[in-house]
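**Q** Before we start, here is the structure in question, set down as C-alpha cells.
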Amino acid sequence: MKLDDWIYMDGSQLVEEVKQSYKFAFIGKACELDDRSKAAETYCQSVSEASFSVGYVDYSLQIQNENGVYDHLNDGVFDEGEIIVDATTIDVPELLKIIEWLESTKRCFDVCYFEPEKYLNKKGEDESCEDHYVISDDGAGINFIPPFVCSVPNSAMVVSLGFEGHRFGSIIESDEFPVKKFYALGGVPAFKFGMEKTSFLMNHKALEDSNSSILISGANDPVETYNKLMEIRSACAISKQTILLAPFGTKPVALAMCMFAVNNRRKVGIIYDFVQRRGGRSSGVGKAHVWSFRH
Amino acid sequence: MSNLNDLQSWFSTARNEYESTNHSVYESFVVPPDIEANDISKIEHSMVLVGGRGTGKTVFLKYFSHWTQFDSKRTDVTQSDLESVILYWKPDTAFCRALKPEWLGDEGSKTAFLSLVTLEIVKEFISALKNIGFHFPEIKKEIFQDAAFWLGVSKVIGKSVTNESTFDAEVEMAIYDAQTEPDNIANKTNPKSALDLLINRVVSVASCWFSNSSFKVFVDEFENLSEEQQRLFNNYRKHSDARLSWNVAYKKFASISIETSGSEKLNQNDDFHTLNLFDELTDDQYKLFIAEIILNNMVRRGLVSDNIPGFTPEFLCDRKNLEHRSSDLYKKKVLQEVKRIFPQPSVFELCKIACANKTVFKKLQKVFLDIGFEKLFSDKVIRKFPDVAIAHFIIFYQKGFQKNLIKESDKLIEFIDSNRTKHQTIDTKINTYVFSALLSLNLDNSYVNIPVYSGFDRYCYLSSRSVRSLISLIFCTIRTSKKNDQASFSKIEEIPAFTFEQMQMGVLAASEQSIGEIVNFTPNGITLSKFTHRLGQILRLIQSVRGQSEPEVNHFSIASDYGDFSKEAKSLIEVAKSWRILIVSNATKERNEVAEAAYEYKLNPFYAPYFGISYRKKRKLKLSLSDFEALYSADQNRYSMLRKGYEQEIEDKRISDNTKGLIKEQTGLDL
C-alpha cells in the first residue's frame, strides 16, 4: 500500500469546494472536542453516503452508527464502495486498525485531516509554575496495539514529538522500555511557525535523558515521515533491531507510522498511551489535507 | 587524576541495573548489613521480595543470582556455593502484556506467553551452567558432553541442539520466532516442565555436585505482567519444592494477584514468605550502608582511601567482611569521610548563617524592636543567640505572645541575661519553632536561601531509603557545584568538601527535577502531578504563616473512615503510595483527640525542598474527605476554594488592628 495522491488547502475551502463522493466515512467518537473536529465531521458527512463512528474496544476495531455495531470483517457491509477516514477525530489505535483492515482487503481509501489554528496552553492548571500544554487527560497507560508487538530490549524506539512532554517522559520513567536506541522525530516545519520550538521545548528533558538521535520531517507530511522511517529501518537492519514506534506527535506523522507498521509486519511494534483528549484542546481550523492510498 | 566532571558521571546512572553488560554486580554491590537474615539463597520457602522504587530490589536479586555468585572474577567459589543456584529473569513485560486473549485466543495467548518464558528461562539456566562451569570445568564437561541433556534441551526449545554453540544460536532463533510470530507457536511447552526435565538430568549426570542443590527462579517486576500471567506463575509458586522454587519480586504497594489458574489461592506463610527490602535496618545502619555505597562508587573508578585501609569494591562485596564493617572504628572512619565531603550544619549554625544575612538581620531587628527591646540589646541577642532570634520570628507573632507581650518580653530578657539558665521553657519553645522559622524565612524572601536541606544526614532523610534518590541528590549537588571548582584528586580525602550553599542548590535542583517527573508516572501522571502540586502549595501556605502554633506541618490525615473513601480517593492513595509520592503510616493519636483517621500520609520528603517545607515528620494537617478530594479534583474551583481558606487563615494571623491597639496600649509602640 502506498500514498498515491495528496491535496491540501485551507480547511474552510475544502468543506466548500471539494465534492468527492464516498460511500462510507469513518469518523472518531470525539467530534465535539474542538473547532476542527467539528469541521472534519461536517466535511466527512457531506461527502459520504453514510458515516460511522469507530472505536478501539477489546483490542479490536468497533464500527457503529445509530443502527448498531457492524462486524466489518465478516458481514460484508463495507466490502465495496469508496472510503474516507477522518484522522482528525480518530485516535491512533483506531487509525492503525482501520489501515490494517483495509490493507488486508486491498481496499483503496482516502484519509482526511484538519489542522488546528492553535493549541491551548493550560499554564498553571496543576499549580506548577511551568508553561506546559495539557491537552489530554490520563489514559490507561502505555501498551502495545496487537498485533503490532515486538521485543522491547532488542528495539530501536522512534518517538514522534508532540506538545505534551510527559508522554515521551513516561517512556523514559517507565521500567518497561529499556530500548537500545532512541530516535526522536520532530515536526519541522510545523503546522504553524513556532510550534516546532514548543514541541522541542516540551520534550527537552526526555530528549536529554534518552540521548535520542533527532530527525525531522514535516508535521503534516506523512510522505517525508515515511521516508525517515525507511532510513531508520535500514540502520536497524544492520544490528537486527526491531523498530518500536511511539506516535505521540501529530496525526499526519502517526498516519505515516501506521502505514509503515502495516507494511512491515513482524518487524515493527507500535505502543500507545491511550490518553483521553480534552475538549477545547485547540481552536480554529487551519489547513486540511486529503491523502489517497492505493495498492 | 579525576575531577568533578568524572565524579558527576559516576553518579549519573541512577538506574543501576542498566550499568552492567551482563547481570553481574560483582564489585559494584555493597553487601547490606542484614544480609544474613535476608539470605534468599538459604530461605527454603518460595519468596516474595518487595521494595519501594529505587530501593535496590533488582541489584539485590542480581547479587544472589548465578551471574554474581559465579562471576569469573571471583576466586573464592567453593562447592558449597552450588547448594543454591538462583536464576534471575526479568520479563519483557510490555511485550508479554500484549499477548492478549482478544488477539491470540485464550489458549493462544497462554501458549505464546509460556513458550517465550520457557525459552528465556532455559537460556538463563544454560547461562548458569556456563558460569558454574567456569569455576568447575569438570561440571561443564560432564553436563555439556551429555547427549541426553542436549536432547532434553532440544525438546524444550523445539530446535535441534547438540552442544553449547548450537544452543546459543538456536535459542536466539527460537526466541526471535516467539517474539515475531506469537500467533504461530509450534512448540507448546511450559517453564516448569522444562526446568524439571533439565534439572533432573543435570542432577543425575553431576550428582556429586548437585545432589543437594536447590534451584530458585526469581521473576523481577512481577507487577507488570497481566493478571492472567501472574496466575500462571502462581501455579508454579504454589507447587515450589526443595529442588525448584518459583519466586517473585515486585514494587511495594503494587497490585498483585494471589489467584492461580485453578481454584487455589496463594497463602502467605503457607505458600510464600515476604521479604521487605531493608525494612529492618535501623537508621544508623542504613546511613552507614549508604555511606559505603557512595564511597564504593568512587573507589570502583580508581580512587583510593588512605583513611580507610582496605576499602575496595571486593572488600564491600564480600560477606566475610561484615563483622569488620560493623566495628565502631570502621563505622567512624567511613561516616567521617562522607560527612567531610557532605558536611552538615547544625540548626544553631544555620541560625548563624541566617543572621549573617542582611535581610534576615533587619527582619529580626524589627521583631525585637516590636517586642520592646533596645536596638543594642536586640543586636546582642541576634549575634550571641541566633537561634533565639530566629525562633522569635515565629514566636513573636503567636497569639499567646501578643496577648502577654510585657510579661513575655520580661521573661525573654531574664532568659537572655541569665545566659539561658532561667525560664528554660523558653529553650523548649525555641527548639520547637527554630527550624520552622528558618523555613519561613526562606519562604518569606526569595533571595534568602538558608541551607536548611544540606548535609549527609539530611540527604539520607530526604531520600527516605531510596538509593536511587540519594544518588540523584549527589549528582545534582555535583552538577550545580562543578562550574566553580576545577579541583583534581586521586584519593577520596582529596575530594573537596561541598559548601552548605552548594548542597542546598543541589537539593533544590534534585527536588525540582523529581517534581517535574511526576507527570511521567504512567498511567496517572497528570492527576498525580496535580495532586502533588496542590498538596505542596497548601503545605507551603501553612508553613509561611507567621505566628504558627503548629510548626513544620508536612503530613495529613483524612477525618473519615477508609471504608467511606470514594473509589477514586482509594485509587489515588494506592497509586500515590506505589509511586512513593505519599508515605503512609498508622495514625498517631494526639492528646485529647478522638481518633478518627487510621492512617497518616506524608508527602515524600524528596519533594519538601521544592515547596520549602519541612522534610521531618512533625505536625499533622487534618483534612476532611472533601478537602482531600479537592486536591485531585478536575474541578479547579473546588481546589481554589480550599486554597482560599488557608490564605484567609494567613491573613487572620497577621497582626489585626485590635492586636496593634493592644500592643500600643501595653508598650506605647505604634505598629
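Naming works like this for the C-alpha cells: A, B, ... for the chains as they're shown, residue 1 at the start of each chain, ligands 1 onward in shown order.
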Output the contact residues of chain B with respect to chain A at a cut-off of 8 Å, based on only C-alpha atoms, as a ChimeraX atom specification.
**A** /B:92-95,97-100,102-103,179-181,517,519-527,529-531,533-534,537,636
**Q** Using DSSP on the backbone coordinates, identify the residues of range 150-222 of chain B assigned to helix (DSSP H, G or I); present them as a PyMOL selection string.
**A** chain B and resi 150-157+164-180+191-205+207-210+222
**Q** Could you pull out all residues of range 57-224 of chain A with a DSSP call of strand (DSSP E) and give them as a PyMOL selection string?
**A** chain A and resi 57+60-65+68-70+83-86+109-114+118-119+136-137+143-144+155-160+181-187+213-217
**Q** Measuring between only C-alpha atoms, which one of A:Ile135, A:Ala235, A:Met1, A:Val15 shows the shortest distance to Gly279 in chain A?
**A**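 That would be A:Ile135, the residue with the smallest distance to Gly279 in chain A.
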**Q** Find the residues around range 190-202 of chain A up to 12 Å (only C-alpha atoms counted), leave out those fewer than 2 positions away in its own chain, and share them as a count of residues only.
**A** 53
**Q** Closest to Asp34 in chain A among A:Gly11, A:Trp6, A:Trp291, A:Ser282, using only C-alpha atoms?
**A**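 Under the stated criterion, the closest residue is A:Ser282.
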**Q** In Å, rounded to a single decimal, give me how far CA of Ser626 in chain B is from CA of Arg638 in chain B.
**A**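 It comes out at 9.3 Å.
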**Q** Between B:Glu44, B:Glu493, B:Glu314, B:Asp183, which has the minimum distance to Asn296 in chain B (counting only C-alpha atoms)?
**A**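 Nearest candidate to Asn296 in chain B out of B:Glu44, B:Glu493, B:Glu314, B:Asp183: B:Glu314.
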**Q** Which one of B:Thr421, B:Glu36, B:Leu528, B:Pro386 sits closest to Val575 in chain B if you count only C-alpha atoms?
**A** B:Leu528
